Amino acid sequence: MKTAKRLCILILVMNMMLLSGCWNYHELEDMSLVTGVAIDKGINGDTYHLTFEFVDLTGDQIKSKLVESDGNTIYDCIRNVTGKGEKKLNFTECKVIIISQDLAAQGISPILDWYIRDHEPRMNLNLIISKEKTANEILQEKPITDELISLEIWKALNRNVTTLGKVPCVELYQAINMLSDNGISLILPTIRIEKLPTSTALVLDGTALFEGEKLFGYIDSEKTKYLLFIKNQIDGGLLLVDTDSGKLTLEIVENVTKLTPKIENNEPSVDIKIKMRAMLSEDQSSTDHNTSDGIKKVQLDAEKTLTNNISDLITSVQSQTGSDIFGFGSLFYQNYPEYWKKEKLKWKEQFPKLKCTVSASVKIENTELLKEKIKVGG
Amino acid sequence: MTKQTITEKQLRSLLCVFWGGSLMVTTSSSDVKQDFWISMLIASVLIIPLFLIYTRIFTLYPNKNFFDILSMVFGKVIGKIICFVYVLFTIQIAAILMYIFSSFIRMLNMPETPEIATVALISLVAIMCVKQGPENIARMSKVVWEFIFVAISLTFVIGLRKMDFNNLKPILGVDLKTILGGAVTFCLLPLAEIPLCLPFFSCMDSSANFKKIFIKGSSLFIFLTTLANIRNTAVIGFPCSNMLFFPSYASVSLLSVGEFFTRFEVIIGLNLVLAGLIKICVCLYTASSGLAKVINLEDHKPLIIPLALITITFSLMAQSNVQELFRFLSVYPIYAFPFEIILPIIILIGAEIRTRTSKNGGSGGQATESGNQAQNPVDEKIPEPKHQKKSPYASV
C-alpha cells in the first residue's frame with residue numbers, strides 16, 4: 001500500500017515536469033512587437049491598407065522594420081501579415097495609430113472597433129490623423145533621436161502637453177468617450193511632413209475636427225493652443241503677447257480653466273474663467289517691463305490676448321459648424337441634466353447660438369534671471 | 001470529527017469576499033449610468049431588514065445548521081424539498097460564477113487555453129479547500145479579504161491623478177425609479193445571496209453577534225465596491241466604463257506611477273480570481289452539506305467531487321456565449337427573488353410559530369420539557385438511517 005502511494009506520487013511529480021507549461025506561452029523571439037500602425041485606404045479593391053512598424057530583435061541593436069498588408073477588415077489585414085513573415089504580430093506594446101485623412105473623412109468608428117475589442121492593444125494608445133496623402137508616408141520617415149519612428153511620435157505627443165501645448169493628446173478610450181457623447185465632438189492631433197531646405201521632419205501640428213465620426217476640417221497649431229485653454233488641457237507652453245512696443249513671451253507655469261454653464265430664461269450660456277500663472281521669459285519690446293508697473297501692464301496685455309483669441313476661436317468655430325469641439329454640451333449634461341434631456345437632439349442648432357463670456361486673469365510670478373533688461377547704449 | 005469553529009472576524013471577511021466574488025458582474029449595470037454608486041449606497045440600507053430576519057432565525061435556533069432549521073420548521077418532507085431547491089440554486093450560482101471566471105481568463109489573458117482546463121484547475125483547488133472544512137475556507141477568506149482591501153485602496157490612490165470627477169456628474173441625473181431599480185438589483189445579486197453561506201453560521205459560537213457581523217461586513221464591502229466603482233467611472237469616463245465587460249480591469253490598466261510602474265491590472269485579475277475561488281468554495285460547501293442533509297448522510301465529503309463535476313458541466317453547458325449570460329443576469333433578480341427574499345421570510349414566520357406553539361403548549365413547567373422531548377425524538381430519528389448509510393462508505 002505504502003509503495004503504491006509512493007509510486008503514485010512519483011508518477012505525479014514526473015508528470016508535472018513533463019506535461020506542465022503554459023498553454024499560451026509565447027517566446028519573445030516568436031513575436032513581432034508592433035509599436036505603431038498606419039491605416040490607409042486599400043489599393044487593389046481591398047478596404048484597408050495597413051503599415052506596421054515593429055521592433056526588429058535580430059541584431060544587437062534595436063531597429064525598426066516595416067511590413068504592409070491589405071485586407072477587408074482591420075483584423076484581416078493583421079492576420080494577412082502572418083503569410084508574409086514567420087512571426088506573429090503582437091499589439092501589447094502598440095503606442096500610436098496613424099489614420100489617413102481620406103479614411104477619417106469616411107468615418108473613424110469602424111477602424112477603432114478592433115482596437116478596443118481585442119485584448120492585446122491597450123486602451124491608452126494614441127490616435128493621430130495624417131495630413132499627408134497617405135499615413136504610410138509618416139512611418140517611412142527616418143526618426144531623429146529614437147530608433148523607431150512611432151515611439152518618437154508617441155514620446156513627442158505625450159511630452160508636448162507640458163512643453164508645447166499646441167497639439168491635443170487623445171487616447172483611445174477618450175476618443176471613444178467623445179465619439180459616443182452627444183455633447184462633445186471628437187478632436188484628434190494631426191501630423192505632417194515638414195519639408196525644410198536641407199531636410200524633412202515630422203511635425204505634430206494642429207487639430208483635426210470631427211463631425212460625428214467624420215473628419216471635416218483642421219485648425220492650426222496656434223488656434224489649437226486656445227482650444228486647449230478652453231478644455232483645460234494646458235500644462236505648460238508659451239503664450240506670445242503683443243504689446244505696443246514689441247513682442248513678449250510668457251512661459252506658462254500653471255493654468256486652470258473653469259467653465260460654468262448657465263441657463264437664464266431658457267437661454268444657455270457659458271462662462272469661461274482662465275486663471276494663469278506665468279513667467280516673463282523673453283522681452284523683445286523696446287520698453288522695459290521689469291518694473292512693477294511694467295509687469296502689471298504685461299499682465300493686462302496677456303489677459304487681453306487670451307480673451308480676444310479665445311472668443312475669436314469660439315465665434316469662428318460656431319460660424320463654421322454645429323459640432324461642439326469644446327464639449328460645452330456635456331457641461332450642460334453634467335450640470336443641467338433636465339435641460340439637456342430636452343435639448344440633446346437640438347444641440348447642433350443650439351451650439352452656434354451659444355453665448356460665451358471669456359475672462360482671464362494672468363499672474364506673472366517672476367522675470368527669470370534678469371532684474372533689468374538689456375539697454376542699448378545705456 | 002471535532003467541530004470546527006470560525007471567529008467573528010473570519011466570518012465577516014468571508015461574507016465580504018463572498019459578495020466580492022460577483023463584483024465583476026455587478027459593476028456593469030448600464031441603466032443607472034454614473035449613479036451606480038448611489039444605488040449601491042441605497043442597497044446597503046435596503047438590505048438591513050433581511051439581515052435582521054436571518055439574525056432572528058439564528059437566535060430562535062442557536063447553533064443549528066440552516067438545513068436542520070428547515071426540517072425543524074417545515075417538517076421532514078417539505079424541509080427536505082426546500083433544502084434540495086436551495087442546493088440546486090447554489091449549484092447554479094456556482095456554475096454561473098465558474099463560467100464568468102473562465103471567460104474572464106479566456107478573454108483577457110489566455111485566449112488559446114480551452115475553458116475546460118482553467119475551470120478544471122480552479123475546481124480542483126476548490127475541492128481541496130472544501131474537503132478541509134468550513135474553518136479552512138473562512139481562514140483563507142480572511143487573508144484574501146485583506147489582499148483585496150489593500151489592492152483596491154492602493155489602485156484608488158494611484159488612480160487619483162488620472163481621475164476626472166466630472167465624469168461622475170450629473171449626480172442623480174437618472175430618475176429615481178431607475179436608481180432604485182439598480183439598488184434592488186444590487187441587493188439581490190450579491191448582497192442577498194447570504195443563504196448560500198448560511199451553513200457557515202452554525203460553526204460560530206452561540207455568543208456571536210450576527211447583527212454586528214452582517215452590518216459591519218456589508219458596510220465594509222459597500223465601501224470598497226463604491227470606491228472601485230467611482231475609480232472606474234472617474235478614470236475611464238462614461239460611456240466607455242459601461243461598454244466594457246470588465247471595467248475594473250480596464251481602468252486599472254490605464255494607471256501608472258511615473259513611467260516605470262505600469263500594468264497594475266494583474267492585481268485586479270488576481271482579486272477576481274481569489275474572490276471567485278472563495279465564492280465557488282462556499283457554494284460547493286453549502287451544496288454538499290445541504291445535499292448530505294437531504295439524503296441523510298452524516299458526512300458531506302463524498303458529495304463534494306460529484307457536485308463539483310456537475311457544476312463544471314453546468315457552467316459549460318448552461319449558456320452558449322457571454323451575452324446570453326448577461327441577458328440572464330438582467331432577469332436574475334426576478335428569478336432569485338423567491339429564494340433570497342420570500343423563502344427567508346416564510347422560514348422566519350414558520351420559525352416564530354413553531355417556537356411560540358412549543359412554548360404555549362408548555363405553559364405549565366413540565367409541558368415545556370415534554371415539548372422539548374417531543375422534538376428530540378425527531379432529532380434522534382435522523383441519526384439512525386445515517387449509520388445505515390454510512391456503513392457502505394466505511395467498507396469502501
# chains A, B, ... in the order shown; residues from 1 in each chain; ligands from 1
call {"tool": "residues_around", "arguments": {"residues": "Ile267 of chain B", "least_positions_apart": "4", "cutoff": "9 Å", "atoms": "only C-alpha atoms", "output": "VMD selection string"}}
result
chain B and resid 148 151 to 152 249 252 263 271 to 272
call {"tool": "select_by_dssp", "arguments": {"residues": "segment 47-202 of chain A", "states": "strand (DSSP E or B)", "output": "VMD selection string"}}
result
chain A and resid 48 to 56 63 to 71 88 to 90 96 to 100 126 to 130 171 187 to 195 200 to 202
call {"tool": "write_last_selection", "arguments": {"atoms": "N, CA and C atoms", "output": "short mmCIF file (atom, residue, chain, number, x, y, z; two decimals), in the first residue's frame"}}
result
data_model
loop_
_atom_site.label_atom_id
_atom_site.label_comp_id
_atom_site.auth_asym_id
_atom_site.auth_seq_id
_atom_site.Cartn_x
_atom_site.Cartn_y
_atom_site.Cartn_z
N TYR A 48 -8.83 48.16 -46.66
CA TYR A 48 -7.78 48.82 -45.87
C TYR A 48 -6.40 48.42 -46.35
N HIS A 49 -5.47 49.33 -46.12
CA HIS A 49 -4.06 49.04 -46.36
C HIS A 49 -3.32 49.46 -45.10
N LEU A 50 -2.75 48.49 -44.40
CA LEU A 50 -2.12 48.79 -43.12
C LEU A 50 -0.61 48.68 -43.20
N THR A 51 0.08 49.60 -42.54
CA THR A 51 1.53 49.52 -42.42
C THR A 51 1.87 49.38 -40.94
N PHE A 52 2.64 48.35 -40.63
CA PHE A 52 3.01 48.13 -39.24
C PHE A 52 4.48 48.43 -39.07
N GLU A 53 4.81 49.12 -38.00
CA GLU A 53 6.21 49.25 -37.65
C GLU A 53 6.46 48.37 -36.44
N PHE A 54 7.45 47.50 -36.53
CA PHE A 54 7.72 46.66 -35.38
C PHE A 54 9.20 46.63 -35.05
N VAL A 55 9.48 46.19 -33.83
CA VAL A 55 10.86 46.17 -33.36
C VAL A 55 11.54 44.95 -33.94
N ASP A 56 12.69 45.18 -34.54
CA ASP A 56 13.47 44.08 -35.09
C ASP A 56 14.47 43.63 -34.03
N LYS A 63 16.23 47.92 -33.96
CA LYS A 63 16.00 48.54 -35.25
C LYS A 63 14.52 48.48 -35.59
N SER A 64 14.13 49.35 -36.49
CA SER A 64 12.73 49.38 -36.88
C SER A 64 12.56 48.67 -38.22
N LYS A 65 11.44 47.99 -38.36
CA LYS A 65 11.13 47.36 -39.64
C LYS A 65 9.68 47.63 -39.98
N LEU A 66 9.40 47.69 -41.26
CA LEU A 66 8.03 47.95 -41.69
C LEU A 66 7.49 46.76 -42.45
N VAL A 67 6.20 46.51 -42.29
CA VAL A 67 5.56 45.50 -43.11
C VAL A 67 4.18 46.01 -43.48
N GLU A 68 3.77 45.75 -44.73
CA GLU A 68 2.48 46.26 -45.18
C GLU A 68 1.55 45.11 -45.54
N SER A 69 0.27 45.35 -45.42
CA SER A 69 -0.66 44.31 -45.84
C SER A 69 -2.01 44.91 -46.19
N ASP A 70 -2.76 44.17 -47.01
CA ASP A 70 -4.09 44.61 -47.41
C ASP A 70 -5.14 43.66 -46.84
N GLY A 71 -6.35 44.16 -46.74
CA GLY A 71 -7.41 43.29 -46.25
C GLY A 71 -8.72 44.03 -46.22
N LYS A 88 4.36 36.31 -35.58
CA LYS A 88 3.02 36.84 -35.40
C LYS A 88 3.14 38.24 -34.79
N LEU A 89 2.27 39.14 -35.24
CA LEU A 89 2.32 40.48 -34.68
C LEU A 89 1.72 40.49 -33.29
N ASN A 90 2.36 41.25 -32.41
CA ASN A 90 1.86 41.37 -31.05
C ASN A 90 1.60 42.85 -30.76
N VAL A 96 0.93 54.03 -31.11
CA VAL A 96 0.20 55.02 -31.90
C VAL A 96 -0.53 54.37 -33.07
N ILE A 97 -1.67 54.95 -33.41
CA ILE A 97 -2.37 54.58 -34.64
C ILE A 97 -2.46 55.84 -35.48
N ILE A 98 -1.92 55.77 -36.69
CA ILE A 98 -1.98 56.93 -37.58
C ILE A 98 -3.01 56.63 -38.66
N ILE A 99 -3.98 57.51 -38.78
CA ILE A 99 -5.08 57.26 -39.71
C ILE A 99 -5.02 58.30 -40.82
N SER A 100 -5.14 57.86 -42.05
CA SER A 100 -5.06 58.81 -43.16
C SER A 100 -6.34 59.63 -43.22
N ASN A 126 -2.37 56.15 -28.62
CA ASN A 126 -2.71 57.47 -29.14
C ASN A 126 -3.18 57.39 -30.58
N LEU A 127 -4.17 58.21 -30.90
CA LEU A 127 -4.68 58.27 -32.27
C LEU A 127 -4.18 59.57 -32.90
N ILE A 128 -3.74 59.46 -34.15
CA ILE A 128 -3.23 60.64 -34.86
C ILE A 128 -3.79 60.61 -36.28
N ILE A 129 -4.11 61.79 -36.80
CA ILE A 129 -4.56 61.89 -38.18
C ILE A 129 -3.40 62.38 -39.03
N SER A 130 -3.15 61.70 -40.14
CA SER A 130 -2.07 62.12 -41.02
C SER A 130 -2.59 63.15 -42.01
N GLU A 171 -6.26 59.79 -26.17
CA GLU A 171 -6.06 58.35 -26.09
C GLU A 171 -7.32 57.63 -26.55
N ILE A 187 -11.92 65.41 -31.29
CA ILE A 187 -10.78 66.09 -31.91
C ILE A 187 -9.59 65.15 -31.82
N LEU A 188 -8.73 65.20 -32.83
CA LEU A 188 -7.54 64.36 -32.80
C LEU A 188 -6.33 65.18 -33.24
N PRO A 189 -5.14 64.83 -32.75
CA PRO A 189 -3.95 65.54 -33.22
C PRO A 189 -3.64 65.19 -34.66
N THR A 190 -2.96 66.08 -35.35
CA THR A 190 -2.58 65.78 -36.73
C THR A 190 -1.06 65.78 -36.85
N ILE A 191 -0.60 65.10 -37.89
CA ILE A 191 0.84 65.03 -38.13
C ILE A 191 1.07 65.28 -39.61
N ARG A 192 2.17 65.94 -39.92
CA ARG A 192 2.51 66.14 -41.34
C ARG A 192 4.01 66.12 -41.51
N ILE A 193 4.47 66.02 -42.76
CA ILE A 193 5.90 66.04 -43.02
C ILE A 193 6.27 67.46 -43.42
N GLU A 194 7.23 68.00 -42.70
CA GLU A 194 7.65 69.37 -43.00
C GLU A 194 8.88 69.32 -43.89
N LYS A 195 8.81 69.98 -45.04
CA LYS A 195 9.96 69.97 -45.96
C LYS A 195 10.75 71.25 -45.76
N THR A 200 13.90 66.84 -44.14
CA THR A 200 12.48 66.72 -43.88
C THR A 200 12.31 66.19 -42.46
N ALA A 201 11.21 66.58 -41.86
CA ALA A 201 10.96 66.12 -40.48
C ALA A 201 9.47 66.01 -40.26
N LEU A 202 9.13 65.20 -39.28
CA LEU A 202 7.71 65.06 -38.93
C LEU A 202 7.34 66.15 -37.93
#
call {"tool": "interface_residues", "arguments": {"of": "chain B", "to": "chain A", "cutoff": "7 Å", "atoms": "only C-alpha atoms", "output": "PDB file with C-alpha atoms, in the first residue's frame"}}
result
ATOM      1  CA  MET B 107     -10.921  36.671 -22.905  1.00  0.00           C
ATOM      2  CA  LEU B 108      -8.229  38.704 -21.206  1.00  0.00           C
ATOM      3  CA  MET B 110      -5.177  33.168 -22.294  1.00  0.00           C
ATOM      4  CA  GLU B 112      -5.883  29.799 -26.638  1.00  0.00           C
ATOM      5  CA  THR B 113      -6.344  27.821 -23.439  1.00  0.00           C
ATOM      6  CA  LYS B 169     -21.669  64.212 -12.967  1.00  0.00           C
ATOM      7  CA  PRO B 170     -24.610  64.620 -13.255  1.00  0.00           C
ATOM      8  CA  GLY B 173     -29.027  62.523 -13.472  1.00  0.00           C
ATOM      9  CA  ILE B 236     -12.318  55.664 -17.906  1.00  0.00           C
ATOM     10  CA  GLY B 237     -15.229  58.026 -18.187  1.00  0.00           C
ATOM     11  CA  PHE B 238     -18.687  57.460 -19.447  1.00  0.00           C
ATOM     12  CA  PRO B 239     -19.872  55.589 -21.621  1.00  0.00           C
ATOM     13  CA  CYS B 240     -16.640  53.610 -22.022  1.00  0.00           C
ATOM     14  CA  LEU B 254      -4.564  52.817 -17.536  1.00  0.00           C
TER      15      LEU B 254
END
call {"tool": "residues_around", "arguments": {"residues": "Leu188 of chain B", "least_positions_apart": "4", "cutoff": "8 Å", "atoms": "only C-alpha atoms", "output": "PyMOL selection string"}}
result
chain B and resi 184+192-193+333+336-337+340
call {"tool": "residues_around", "arguments": {"residues": "Asn136 of chain A", "least_positions_apart": "2", "cutoff": "8 Å", "atoms": "only C-alpha atoms", "output": "PyMOL selection string"}}
result
chain A and resi 38-40+50-51+134+138-140
call {"tool": "residues_around", "arguments": {"residues": "Leu370 of chain A", "least_positions_apart": "2", "cutoff": "10 Å", "atoms": "only C-alpha atoms", "output": "number ranges by chain"}}
result
A: 280-281, 290, 366-368, 372-374
call {"tool": "write_last_selection", "arguments": {"atoms": "N, CA, C and O atoms", "output": "mmCIF file, in the first residue's frame"}}
result
data_model
loop_
_atom_site.group_PDB
_atom_site.id
_atom_site.type_symbol
_atom_site.label_atom_id
_atom_site.label_comp_id
_atom_site.auth_asym_id
_atom_site.auth_seq_id
_atom_site.Cartn_x
_atom_site.Cartn_y
_atom_site.Cartn_z
ATOM 1 N N LEU A 280 7.785 85.807 -17.178
ATOM 2 C CA LEU A 280 8.172 86.623 -18.325
ATOM 3 C C LEU A 280 9.500 86.079 -18.820
ATOM 4 O O LEU A 280 10.540 86.273 -18.193
ATOM 5 N N SER A 281 9.471 85.375 -19.950
ATOM 6 C CA SER A 281 10.666 84.651 -20.370
ATOM 7 C C SER A 281 11.436 85.334 -21.480
ATOM 8 O O SER A 281 12.609 85.060 -21.680
ATOM 9 N N ASN A 290 10.504 95.300 -16.626
ATOM 10 C CA ASN A 290 10.945 94.746 -15.355
ATOM 11 C C ASN A 290 10.695 95.693 -14.176
ATOM 12 O O ASN A 290 11.503 95.838 -13.293
ATOM 13 N N ASN A 366 7.593 85.880 -12.017
ATOM 14 C CA ASN A 366 8.932 86.458 -11.999
ATOM 15 C C ASN A 366 9.378 86.818 -13.409
ATOM 16 O O ASN A 366 8.677 86.541 -14.398
ATOM 17 N N THR A 367 10.530 87.426 -13.486
ATOM 18 C CA THR A 367 11.075 87.792 -14.790
ATOM 19 C C THR A 367 12.343 87.004 -15.043
ATOM 20 O O THR A 367 13.277 87.482 -15.645
ATOM 21 N N GLU A 368 12.358 85.787 -14.546
ATOM 22 C CA GLU A 368 13.504 84.892 -14.637
ATOM 23 C C GLU A 368 14.741 85.565 -14.051
ATOM 24 O O GLU A 368 14.644 86.196 -13.016
ATOM 25 N N GLU A 372 16.983 93.806 -14.788
ATOM 26 C CA GLU A 372 16.722 94.871 -15.762
ATOM 27 C C GLU A 372 16.993 94.316 -17.143
ATOM 28 O O GLU A 372 17.800 93.409 -17.290
ATOM 29 N N LYS A 373 16.360 94.885 -18.164
ATOM 30 C CA LYS A 373 16.623 94.328 -19.489
ATOM 31 C C LYS A 373 17.798 95.037 -20.163
ATOM 32 O O LYS A 373 18.274 96.072 -19.669
ATOM 33 N N ILE A 374 18.260 94.445 -21.266
ATOM 34 C CA ILE A 374 19.425 94.998 -21.963
ATOM 35 C C ILE A 374 19.104 96.410 -22.471
ATOM 36 O O ILE A 374 18.080 96.613 -23.120
#
call {"tool": "select_by_dssp", "arguments": {"residues": "segment 149-395 of chain B", "states": "helix (DSSP H, G or I)", "output": "MDAnalysis selection string"}}
result
chainID B and resid 149:162 165:168 176:191 194:203 210:236 240:243 247:253 265:294 301:317 322:361 365:381 383:395
call {"tool": "residues_around", "arguments": {"residues": "Gly107 of chain A", "least_positions_apart": "2", "cutoff": "9 Å", "atoms": "only C-alpha atoms", "output": "ChimeraX atom specification"}}
result
/A:103-105,109-111,212-215
call {"tool": "write_last_selection", "arguments": {"atoms": "all heavy atoms", "output": "compact mmCIF listing (two decimals), in the first residue's frame"}}
result
# COMPACT_ATOMS: atom_id res chain seq x y z
N LEU A 103 -9.50 58.24 -45.02
CA LEU A 103 -10.25 57.24 -44.28
C LEU A 103 -11.05 57.89 -43.15
O LEU A 103 -12.18 57.51 -42.89
CB LEU A 103 -9.27 56.22 -43.72
CG LEU A 103 -9.74 54.79 -43.61
CD1 LEU A 103 -10.26 54.31 -44.94
CD2 LEU A 103 -8.59 53.92 -43.18
N ALA A 104 -10.42 58.89 -42.52
CA ALA A 104 -11.09 59.56 -41.40
C ALA A 104 -12.31 60.32 -41.89
O ALA A 104 -13.31 60.45 -41.17
CB ALA A 104 -10.13 60.51 -40.70
N ALA A 105 -12.25 60.79 -43.14
CA ALA A 105 -13.40 61.52 -43.69
C ALA A 105 -14.57 60.57 -43.92
O ALA A 105 -15.73 61.00 -43.96
CB ALA A 105 -13.00 62.22 -44.98
N SER A 109 -15.16 55.26 -36.66
CA SER A 109 -15.52 54.26 -35.64
C SER A 109 -15.32 52.80 -36.09
O SER A 109 -14.97 51.96 -35.26
CB SER A 109 -16.93 54.50 -35.13
OG SER A 109 -17.87 54.13 -36.08
N PRO A 110 -15.54 52.44 -37.38
CA PRO A 110 -15.26 51.05 -37.76
C PRO A 110 -13.79 50.67 -37.56
O PRO A 110 -13.47 49.51 -37.29
CB PRO A 110 -15.63 50.98 -39.24
CG PRO A 110 -16.42 52.17 -39.52
CD PRO A 110 -16.09 53.20 -38.51
N ILE A 111 -12.90 51.67 -37.68
CA ILE A 111 -11.48 51.38 -37.53
C ILE A 111 -11.14 51.09 -36.08
O ILE A 111 -10.32 50.23 -35.78
CB ILE A 111 -10.65 52.59 -38.03
CG1 ILE A 111 -10.99 52.90 -39.47
CG2 ILE A 111 -9.17 52.34 -37.87
CD1 ILE A 111 -10.45 54.20 -39.94
N GLY A 212 -19.52 64.17 -35.80
CA GLY A 212 -19.88 62.77 -35.63
C GLY A 212 -18.61 61.95 -35.69
O GLY A 212 -17.67 62.21 -34.97
N GLU A 213 -18.57 61.00 -36.62
CA GLU A 213 -17.35 60.21 -36.73
C GLU A 213 -16.54 60.60 -37.96
O GLU A 213 -15.58 59.95 -38.32
CB GLU A 213 -17.71 58.72 -36.79
CG GLU A 213 -18.67 58.37 -37.90
CD GLU A 213 -18.66 56.90 -38.23
OE1 GLU A 213 -17.80 56.20 -37.70
OE2 GLU A 213 -19.48 56.49 -39.05
N LYS A 214 -16.96 61.68 -38.64
CA LYS A 214 -16.32 62.03 -39.91
C LYS A 214 -15.46 63.28 -39.78
O LYS A 214 -15.89 64.29 -39.21
CB LYS A 214 -17.38 62.24 -40.99
CG LYS A 214 -17.97 60.91 -41.41
CD LYS A 214 -19.08 61.07 -42.39
CE LYS A 214 -19.59 59.68 -42.74
NZ LYS A 214 -21.00 59.67 -43.06
N LEU A 215 -14.28 63.20 -40.36
CA LEU A 215 -13.37 64.35 -40.36
C LEU A 215 -13.92 65.43 -41.27
O LEU A 215 -14.36 65.16 -42.37
CB LEU A 215 -12.01 63.88 -40.87
CG LEU A 215 -10.94 64.94 -41.04
CD1 LEU A 215 -10.28 65.23 -39.73
CD2 LEU A 215 -9.92 64.49 -42.06
call {"tool": "residues_around", "arguments": {"residues": "Tyr99 of chain B", "least_positions_apart": "4", "cutoff": "10 Å", "atoms": "only C-alpha atoms", "output": "VMD selection string"}}
result
chain B and resid 93 to 95 103 to 105 115 to 116 119 311 to 312 314 to 319 321 to 322 325
call {"tool": "write_last_selection", "arguments": {"atoms": "C-alpha atoms", "output": "PDB file, in the first residue's frame"}}
result
ATOM      1  CA  ILE B  93     -24.804  30.241  -8.812  1.00  0.00           C
ATOM      2  CA  ALA B  94     -21.539  28.344  -8.638  1.00  0.00           C
ATOM      3  CA  ALA B  95     -21.879  27.398 -12.297  1.00  0.00           C
ATOM      4  CA  SER B 103     -14.386  33.515 -19.680  1.00  0.00           C
ATOM      5  CA  PHE B 104     -12.532  36.266 -17.824  1.00  0.00           C
ATOM      6  CA  ILE B 105      -9.323  34.293 -18.019  1.00  0.00           C
ATOM      7  CA  GLU B 115     -12.100  26.790 -20.919  1.00  0.00           C
ATOM      8  CA  ILE B 116     -12.335  23.307 -19.512  1.00  0.00           C
ATOM      9  CA  VAL B 119     -12.315  25.506 -14.931  1.00  0.00           C
ATOM     10  CA  THR B 311     -21.031  22.389 -11.573  1.00  0.00           C
ATOM     11  CA  ILE B 312     -18.319  22.226 -14.228  1.00  0.00           C
ATOM     12  CA  PHE B 314     -23.382  23.002 -15.935  1.00  0.00           C
ATOM     13  CA  SER B 315     -21.110  26.018 -16.277  1.00  0.00           C
ATOM     14  CA  LEU B 316     -20.020  24.946 -19.742  1.00  0.00           C
ATOM     15  CA  MET B 317     -23.481  23.936 -20.927  1.00  0.00           C
ATOM     16  CA  ALA B 318     -25.843  26.498 -19.447  1.00  0.00           C
ATOM     17  CA  GLN B 319     -25.014  29.335 -21.814  1.00  0.00           C
ATOM     18  CA  ASN B 321     -21.970  32.862 -25.047  1.00  0.00           C
ATOM     19  CA  VAL B 322     -21.267  35.703 -22.694  1.00  0.00           C
ATOM     20  CA  LEU B 325     -25.228  35.083 -19.625  1.00  0.00           C
TER      21      LEU B 325
END
call {"tool": "closest_residue", "arguments": {"among": "B:Gln34, B:Ser358, B:Asn229, B:Ser288", "to": "Asn166 of chain B", "atoms": "only C-alpha atoms"}}
result
B:Gln34
